[in-house]
$ cat target-v2.cif   # mmCIF, C-alpha atoms
data_protein
#
loop_
_atom_site.label_atom_id
_atom_site.label_comp_id
_atom_site.auth_asym_id
_atom_site.auth_seq_id
_atom_site.Cartn_x
_atom_site.Cartn_y
_atom_site.Cartn_z
CA MET Y 100 -17.63 10.40 31.42
CA ASN Y 101 -16.59 6.82 30.77
CA ASP Y 102 -13.66 6.71 28.28
CA THR Y 103 -14.50 3.62 26.26
CA ALA Y 104 -11.76 4.35 23.68
CA ASN Y 105 -9.10 3.41 26.22
CA SER Y 106 -10.97 0.57 27.89
CA PRO Y 107 -9.22 -2.81 28.05
CA ALA Y 108 -11.76 -4.32 25.65
CA ALA Y 109 -11.24 -1.55 23.08
CA LEU Y 110 -7.46 -1.78 23.35
CA ARG Y 111 -7.58 -5.57 22.80
CA PHE Y 112 -9.91 -5.13 19.82
CA TRP Y 113 -7.63 -2.63 18.06
CA ALA Y 114 -4.49 -4.56 18.93
CA ASP Y 115 -5.92 -7.66 17.22
CA LEU Y 116 -7.03 -5.66 14.16
CA ARG Y 117 -3.65 -3.95 13.78
CA ARG Y 118 -2.03 -7.34 13.18
CA SER Y 119 -3.67 -7.43 9.73
CA THR Y 120 -2.80 -3.91 8.54
CA GLN Y 121 -0.05 -1.31 8.61
CA ALA Y 122 -2.61 1.49 8.62
CA ARG Y 123 -2.77 3.74 11.65
CA ILE Y 124 -5.98 2.60 13.32
CA GLY Y 125 -7.20 2.56 16.90
CA LEU Y 126 -4.41 4.80 18.18
CA GLY Y 127 -6.25 5.79 21.35
CA ARG Y 128 -6.34 9.27 22.80
CA THR Y 129 -5.17 11.42 25.64
CA GLY Y 130 -7.90 13.91 26.35
CA ASP Y 131 -8.94 15.28 22.96
CA ALA Y 132 -5.62 14.47 21.22
CA LEU Y 133 -3.56 11.50 20.14
CA PRO Y 134 -1.15 10.04 22.68
CA THR Y 135 2.29 11.61 22.52
CA THR Y 136 3.91 8.34 21.44
CA GLU Y 137 1.62 8.15 18.40
CA VAL Y 138 2.27 11.77 17.45
CA LEU Y 139 6.01 11.15 17.61
CA ALA Y 140 5.64 7.92 15.61
CA LEU Y 141 3.74 9.81 12.89
CA ARG Y 142 6.43 12.46 12.69
CA ALA Y 143 9.13 9.80 12.50
CA ALA Y 144 7.28 8.03 9.67
CA HIS Y 145 6.92 11.33 7.80
CA ALA Y 146 10.63 12.00 8.21
CA ALA Y 147 11.46 8.49 6.95
CA ALA Y 148 9.29 9.04 3.87
CA ARG Y 149 11.04 12.32 3.10
CA ASP Y 150 14.44 10.71 3.58
CA ALA Y 151 13.49 7.87 1.22
CA VAL Y 152 12.66 10.35 -1.54
CA HIS Y 153 15.88 12.33 -1.23
CA GLU Y 154 18.34 9.58 -0.25
CA PRO Y 155 20.92 9.26 -3.05
CA ILE Y 156 21.44 5.86 -4.59
CA ASP Y 157 24.89 4.28 -4.71
CA VAL Y 158 24.87 3.22 -8.35
CA ASP Y 159 28.30 1.55 -8.18
CA ALA Y 160 27.29 -0.65 -5.24
CA LEU Y 161 23.95 -1.50 -6.85
CA ALA Y 162 25.63 -2.37 -10.16
CA ALA Y 163 28.07 -4.67 -8.38
CA ARG Y 164 25.25 -6.54 -6.65
CA ILE Y 165 23.39 -6.94 -9.95
CA ALA Y 166 26.51 -8.18 -11.75
CA GLU Y 167 26.86 -10.92 -9.12
CA LEU Y 168 23.57 -12.39 -10.35
CA GLY Y 169 25.20 -13.44 -13.60
CA ALA Y 170 22.98 -11.30 -15.82
CA GLY Y 171 25.86 -9.15 -17.05
CA ASP Y 172 27.19 -5.75 -16.05
CA PRO Y 173 24.16 -3.43 -16.01
CA VAL Y 174 23.95 -0.50 -18.39
CA ARG Y 175 23.61 2.84 -16.61
CA VAL Y 176 21.32 5.58 -17.86
CA THR Y 177 19.77 8.71 -16.47
CA SER Y 178 16.79 10.83 -17.37
CA ARG Y 179 16.92 14.44 -18.53
CA ALA Y 180 16.37 15.61 -14.94
CA ARG Y 181 19.77 16.94 -13.93
CA SER Y 182 19.18 16.86 -10.17
CA ARG Y 183 16.84 15.40 -7.59
CA SER Y 184 15.22 18.79 -7.15
CA GLU Y 185 14.55 19.09 -10.87
CA TYR Y 186 13.31 15.51 -10.97
CA LEU Y 187 10.69 16.28 -8.32
CA ARG Y 188 9.64 19.56 -9.94
CA ARG Y 189 9.64 18.31 -13.54
CA PRO Y 190 8.10 14.84 -13.87
CA ASP Y 191 8.19 15.24 -17.67
CA LEU Y 192 12.00 15.24 -17.66
CA GLY Y 193 12.08 12.01 -15.69
CA ARG Y 194 10.20 10.31 -18.52
CA LEU Y 195 12.83 11.08 -21.15
CA PRO Y 196 16.34 9.60 -21.44
CA ALA Y 197 19.36 11.86 -21.43
CA GLU Y 198 21.20 11.97 -24.74
CA PRO Y 199 23.14 10.16 -25.93
CA THR Y 200 21.75 6.92 -24.54
CA PRO Y 201 24.12 3.96 -24.10
CA ILE Y 202 21.32 1.48 -24.79
CA ARG Y 203 21.85 -0.80 -27.78
CA ALA Y 204 19.44 -3.21 -29.45
CA GLU Y 205 19.71 -6.81 -28.27
CA ASP Y 206 18.21 -10.04 -29.52
CA ALA Y 207 16.18 -10.60 -26.34
CA ASP Y 208 12.57 -11.12 -25.35
CA LEU Y 209 12.44 -9.09 -22.14
CA GLY Y 210 14.15 -5.97 -20.84
CA ILE Y 211 14.42 -5.18 -17.14
CA VAL Y 212 14.99 -1.61 -15.92
CA LEU Y 213 15.82 -0.94 -12.28
CA ALA Y 214 14.73 2.65 -11.60
CA ASP Y 215 15.11 4.75 -8.47
CA GLY Y 216 11.73 6.46 -8.82
CA LEU Y 217 10.40 8.22 -5.75
CA SER Y 218 12.12 5.84 -3.33
CA PRO Y 219 15.76 5.10 -4.16
CA ARG Y 220 15.90 3.31 -0.81
CA ALA Y 221 13.38 0.75 -2.06
CA LEU Y 222 15.55 -0.05 -5.08
CA THR Y 223 18.64 -0.38 -2.89
CA ASP Y 224 16.87 -2.61 -0.35
CA HIS Y 225 14.88 -4.84 -2.69
CA GLY Y 226 16.05 -4.38 -6.29
CA PRO Y 227 18.76 -7.07 -6.57
CA ALA Y 228 16.75 -9.74 -4.74
CA LEU Y 229 13.66 -9.01 -6.82
CA LEU Y 230 15.73 -9.13 -10.00
CA ALA Y 231 17.13 -12.51 -8.94
CA ALA Y 232 13.58 -13.83 -8.45
CA LEU Y 233 12.56 -12.55 -11.88
CA ILE Y 234 15.58 -14.19 -13.50
CA ARG Y 235 14.71 -17.51 -11.84
CA GLU Y 236 11.07 -17.28 -12.92
CA LEU Y 237 11.47 -15.84 -16.42
CA GLY Y 238 14.93 -17.07 -17.46
CA PRO Y 239 13.94 -20.63 -18.39
CA LYS Y 240 11.30 -19.41 -20.87
CA HIS Y 241 12.62 -16.09 -22.16
CA THR Y 242 15.86 -14.41 -23.19
CA LEU Y 243 16.68 -11.40 -21.03
CA ALA Y 244 18.46 -8.26 -22.17
CA THR Y 245 21.29 -6.78 -20.12
CA PRO Y 246 19.76 -5.12 -17.02
CA VAL Y 247 19.56 -1.33 -16.97
CA ILE Y 248 19.93 0.96 -13.95
CA ALA Y 249 18.04 4.23 -14.48
CA THR Y 250 18.35 7.20 -12.15
CA GLN Y 251 16.04 10.22 -11.76
CA ALA Y 252 13.58 7.96 -13.56
CA ARG Y 253 9.83 7.84 -14.01
CA VAL Y 254 7.93 4.79 -15.25
CA ALA Y 255 7.56 6.05 -18.83
CA LEU Y 256 11.33 6.17 -19.23
CA GLY Y 257 11.05 2.42 -19.70
CA ASP Y 258 9.13 2.96 -22.96
CA HIS Y 259 12.14 4.67 -24.53
CA LEU Y 260 14.62 2.18 -23.10
CA GLY Y 261 12.56 -0.85 -24.09
CA ALA Y 262 12.20 0.45 -27.64
CA ALA Y 263 15.96 1.09 -27.83
CA MET Y 264 16.67 -2.43 -26.55
CA GLY Y 265 14.31 -3.89 -29.14
CA VAL Y 266 12.61 -6.14 -26.59
CA ARG Y 267 9.08 -7.42 -26.84
CA THR Y 268 8.20 -6.59 -23.23
CA VAL Y 269 9.86 -4.27 -20.72
CA LEU Y 270 9.66 -4.51 -16.94
CA VAL Y 271 10.38 -1.40 -14.89
CA LEU Y 272 11.25 -2.09 -11.25
CA ILE Y 273 10.80 1.28 -9.56
CA GLY Y 274 10.70 2.75 -6.08
CA GLU Y 275 7.12 3.67 -5.22
CA ARG Y 276 6.06 6.90 -3.59
CA PRO Y 277 6.76 6.51 0.16
CA GLY Y 278 3.81 6.63 2.52
CA LEU Y 279 3.46 7.01 6.26
CA SER Y 280 3.50 3.26 6.80
CA VAL Y 281 5.96 2.07 4.11
CA ALA Y 282 8.95 4.00 2.75
CA ASP Y 283 10.72 1.22 0.84
CA SER Y 284 8.12 -0.34 -1.45
CA LEU Y 285 8.93 -1.42 -5.03
CA GLY Y 286 6.56 -1.70 -7.96
CA ILE Y 287 6.94 -3.53 -11.27
CA TYR Y 288 5.41 -1.95 -14.37
CA LEU Y 289 4.99 -4.22 -17.39
CA THR Y 290 4.60 -2.76 -20.88
CA HIS Y 291 4.23 -4.98 -23.93
CA LEU Y 292 5.68 -3.68 -27.22
CA PRO Y 293 7.16 -0.62 -25.50
CA ARG Y 294 7.55 2.59 -27.46
CA PRO Y 295 7.39 6.33 -26.71
CA GLY Y 296 3.83 7.51 -26.33
CA ARG Y 297 2.53 4.57 -24.33
CA THR Y 298 0.20 5.58 -21.50
CA ASP Y 299 -0.60 4.11 -18.10
CA ALA Y 300 -3.58 2.35 -19.72
CA ASP Y 301 -1.04 0.29 -21.68
CA ARG Y 302 0.71 -1.04 -18.57
CA ASN Y 303 0.17 -3.51 -15.76
CA CYS Y 304 1.51 -2.94 -12.28
CA VAL Y 305 2.49 -5.30 -9.49
CA SER Y 306 2.97 -3.12 -6.42
CA ASN Y 307 3.68 -3.17 -2.69
CA ILE Y 308 6.77 -5.39 -2.98
CA HIS Y 309 8.67 -5.12 0.30
CA PRO Y 310 8.99 -8.35 2.27
CA PRO Y 311 8.41 -9.37 4.97
CA ASP Y 312 5.40 -7.06 5.40
CA GLY Y 313 4.54 -6.62 1.72
CA LEU Y 314 4.50 -8.86 -1.34
CA GLY Y 315 7.45 -11.26 -1.48
CA TYR Y 316 9.96 -11.48 -4.32
CA ALA Y 317 9.02 -14.98 -5.48
CA GLU Y 318 5.30 -14.23 -5.45
CA ALA Y 319 5.81 -10.96 -7.34
CA ALA Y 320 7.92 -12.78 -9.95
CA ARG Y 321 5.22 -15.44 -10.33
CA VAL Y 322 2.55 -12.81 -10.94
CA VAL Y 323 4.77 -11.04 -13.47
CA ALA Y 324 5.44 -14.30 -15.32
CA GLY Y 325 1.70 -14.83 -15.64
CA LEU Y 326 1.23 -11.30 -16.95
CA VAL Y 327 4.05 -11.73 -19.46
CA ALA Y 328 2.48 -14.95 -20.74
CA GLY Y 329 -0.90 -13.21 -20.96
CA ALA Y 330 0.53 -10.21 -22.79
CA TRP Y 331 2.25 -12.42 -25.35
CA GLU Y 332 -0.96 -14.36 -25.95
CA LEU Y 333 -3.15 -11.25 -26.07
CA GLY Y 334 -0.68 -9.14 -28.01
CA ARG Y 335 -0.90 -6.22 -25.61
CA SER Y 336 -0.71 -5.23 -21.96
CA GLY Y 337 -2.74 -2.77 -19.92
CA VAL Y 338 -6.43 -2.59 -19.13
CA ASP Y 339 -7.29 -5.63 -21.26
CA LEU Y 340 -4.78 -7.85 -19.46
CA LYS Y 341 -5.82 -9.22 -16.07
CA ASP Y 342 -3.87 -10.93 -13.30
CA ASN Y 343 -5.54 -14.30 -12.77
CA SER Y 344 -2.82 -15.72 -10.53
CA ARG Y 345 -5.04 -15.55 -7.46
CA ALA Y 346 -8.28 -16.54 -9.17
CA THR Y 347 -10.21 -19.37 -7.56
CA PRO Y 348 -13.32 -21.21 -8.78
CA LEU Y 349 -16.61 -20.24 -7.20
CA THR Y 350 -17.22 -23.85 -6.28
CA ALA Y 351 -14.74 -26.32 -4.89
CA PRO Y 352 -14.39 -29.80 -6.46
CA HIS Y 353 -17.15 -32.23 -5.47
CA SER Y 354 -19.22 -29.47 -3.88
CA PRO Y 355 -22.81 -28.77 -4.93
CA PRO Y 356 -23.27 -25.87 -7.37
CA LEU Y 357 -24.36 -22.50 -6.03
CA SER Y 358 -28.07 -21.92 -6.42
CA ALA Y 359 -29.64 -18.63 -7.43
#
$ encode --input "target-v2.cif" --output "structure tokens"
Amino acid sequence: MNDTANSPAALRFWADLRRSTQARIGLGRTGDALPTTEVLALRAAHAAARDAVHEPIDVDALAARIAELGAGDPVRVTSRARSRSEYLRRPDLGRLPAEPTPIRAEDADLGIVLADGLSPRALTDHGPALLAALIRELGPKHTLATPVIATQARVALGDHLGAAMGVRTVLVLIGERPGLSVADSLGIYLTHLPRPGRTDADRNCVSNIHPPDGLGYAEAARVVAGLVAGAWELGRSGVDLKDNSRATPLTAPHSPPLSA
């Protein structure tokens, strides 16, 4: 039988298509199974994802890098999850701050929380550079509260911290759940008028931030700035707030209108 899956034409086709995605596509086959190299690559990616979840974060080193940005020495908080194991088993504890909290109210527009989430590696790799981009984009228009580093944290922890800071909008930079193609991706969750009890419907998310293969820091900051402006105009964030940063008109200038 002719094995078209491994023909030169098929291999060229899949090689070209793989340039536009990190998904595992067109892996070929050896007999009725995947090639050994692809099986080993899958196992290595799975191991990397597991490592990213459990890898401890060096809070002292991260705090030093953040302080170098000139935004002040970050405040350190933790959730009520007392260990990584408990954090993974009890998501509810990761949404609540440990008591007492060192957060104090500030006269600032925006609060930024850097949270380890499900990929502490992502926060270590991308957190300071992403924070720097946000400061450059948002600093000229808004006052920023002292940054916060939150460990064993879930997204909703930002509601409590934002309310304690007294800010109008809180941004939670958090390590996203690792997958089999990316283990170090960051997301930014924006909540306007944060307070305990907010739900995911009250937030906006900018995800997949992990240059060079994912969204870049400057582009992510630009999208967030647009969402912040929209939230302040609308008076709320979430499902009613849309990202129009990539919107384009249906017709280009000087072109004839589209007909029905």
$ closest_residue --input "target-v2.cif" --among "Y:Arg276, Y:Arg128, Y:His291, Y:Arg164" --to "Arg253 of chain Y" --atoms "all atoms listed in the file"
Y:Arg276
$ residues_around --input "target-v2.cif" --residues "Ala263 of chain Y" --least-positions-apart "3" --cutoff "8 Å" --atoms "all atoms listed in the file" --output "PyMOL selection string"
chain Y and resi 202-204+259-260
$ closest_atom_pairs --input "target-v2.cif" --of "segment 140-215 of chain Y" --to "segment 234-241 of chain Y" --cutoff "8 Å" --atoms "only C-alpha atoms" --output "CSV"
residue,atom,partner,partner_atom,distance
Y:Ala207,CA,Y:His241,CA,7.8
Y:Asp208,CA,Y:His241,CA,5.9
Y:Leu209,CA,Y:His241,CA,7.0
$ resolve_selection --input "target-v2.cif" --expression "the PyMOL selection byres ((chain Y and resi 136-152) around 12)" --output "count of residues only"
43
$ atom_distance --input "target-v2.cif" --atom1 "atom CA of Trp331 of chain Y" --atom2 "atom CA of Val266 of chain Y"
12.2 Å
$ residues_around --input "target-v2.cif" --residues "segment 297-309 of chain Y" --least-positions-apart "4" --cutoff "10 Å" --atoms "only C-alpha atoms" --output "VMD selection string"
chain Y and resid 221 224 to 226 229 254 to 255 257 to 259 269 to 275 281 to 293 313 to 316 318 to 320 322 to 323 326 to 327 330 335 to 342
$ resolve_selection --input "target-v2.cif" --expression "the PyMOL selection byres ((chain Y and resi 246) around 9)" --output "ChimeraX atom specification"
/Y:165,170-175,210-213,243-245,247-248
$ write_last_selection --input "target-v2.cif" --atoms "C-alpha atoms" --output "PDB file, keeping the file's coordinate frame"
ATOM      1  CA  ILE Y 165      23.390  -6.940  -9.950  1.00  0.00           C
ATOM      2  CA  ALA Y 170      22.980 -11.300 -15.820  1.00  0.00           C
ATOM      3  CA  GLY Y 171      25.860  -9.150 -17.050  1.00  0.00           C
ATOM      4  CA  ASP Y 172      27.190  -5.750 -16.050  1.00  0.00           C
ATOM      5  CA  PRO Y 173      24.160  -3.430 -16.010  1.00  0.00           C
ATOM      6  CA  VAL Y 174      23.950  -0.500 -18.390  1.00  0.00           C
ATOM      7  CA  ARG Y 175      23.610   2.840 -16.610  1.00  0.00           C
ATOM      8  CA  GLY Y 210      14.150  -5.970 -20.840  1.00  0.00           C
ATOM      9  CA  ILE Y 211      14.420  -5.180 -17.140  1.00  0.00           C
ATOM     10  CA  VAL Y 212      14.990  -1.610 -15.920  1.00  0.00           C
ATOM     11  CA  LEU Y 213      15.820  -0.940 -12.280  1.00  0.00           C
ATOM     12  CA  LEU Y 243      16.680 -11.400 -21.030  1.00  0.00           C
ATOM     13  CA  ALA Y 244      18.460  -8.260 -22.170  1.00  0.00           C
ATOM     14  CA  THR Y 245      21.290  -6.780 -20.120  1.00  0.00           C
ATOM     15  CA  VAL Y 247      19.560  -1.330 -16.970  1.00  0.00           C
ATOM     16  CA  ILE Y 248      19.930   0.960 -13.950  1.00  0.00           C
TER      17      ILE Y 248
END
$ atom_distance --input "target-v2.cif" --atom1 "atom CA of Leu256 of chain Y" --atom2 "atom CA of Ser344 of chain Y"
27.5 Å
$ atom_distance --input "target-v2.cif" --atom1 "atom CA of Ala249 of chain Y" --atom2 "atom CA of Val158 of chain Y"
9.2 Å
$ closest_residue --input "target-v2.cif" --among "Y:Pro201, Y:Ala317, Y:Ala328, Y:Thr120" --to "Thr268 of chain Y" --atoms "all atoms listed in the file"
Y:Ala328
$ resolve_selection --input "target-v2.cif" --expression "the PyMOL selection byres ((chain Y and resi 180) around 8)" --output "list in words"
Thr177, Ser178, Arg179, Arg181, Ser182, Arg183, Glu185, Tyr186, Arg189, Leu192, Gly193 and Gln251 of chain Y
$ axis_aligned_box --input "target-v2.cif" --around "segment 264-268 of chain Y" --padding-each-side "5 Å" --output "JSON"
{"center_x": 12.4, "center_y": -4.9, "center_z": -26.2, "size_x": 18.5, "size_y": 15.0, "size_z": 15.9}
$ closest_residue --input "target-v2.cif" --among "Y:Thr242, Y:Gly261, Y:Ala324, Y:Thr250" --to "Asp157 of chain Y" --atoms "all atoms listed in the file"
Y:Thr250
$ closest_residue --input "target-v2.cif" --among "Y:Val176, Y:Pro311, Y:Leu116, Y:Gly169" --to "Leu195 of chain Y" --atoms "all atoms listed in the file"
Y:Val176
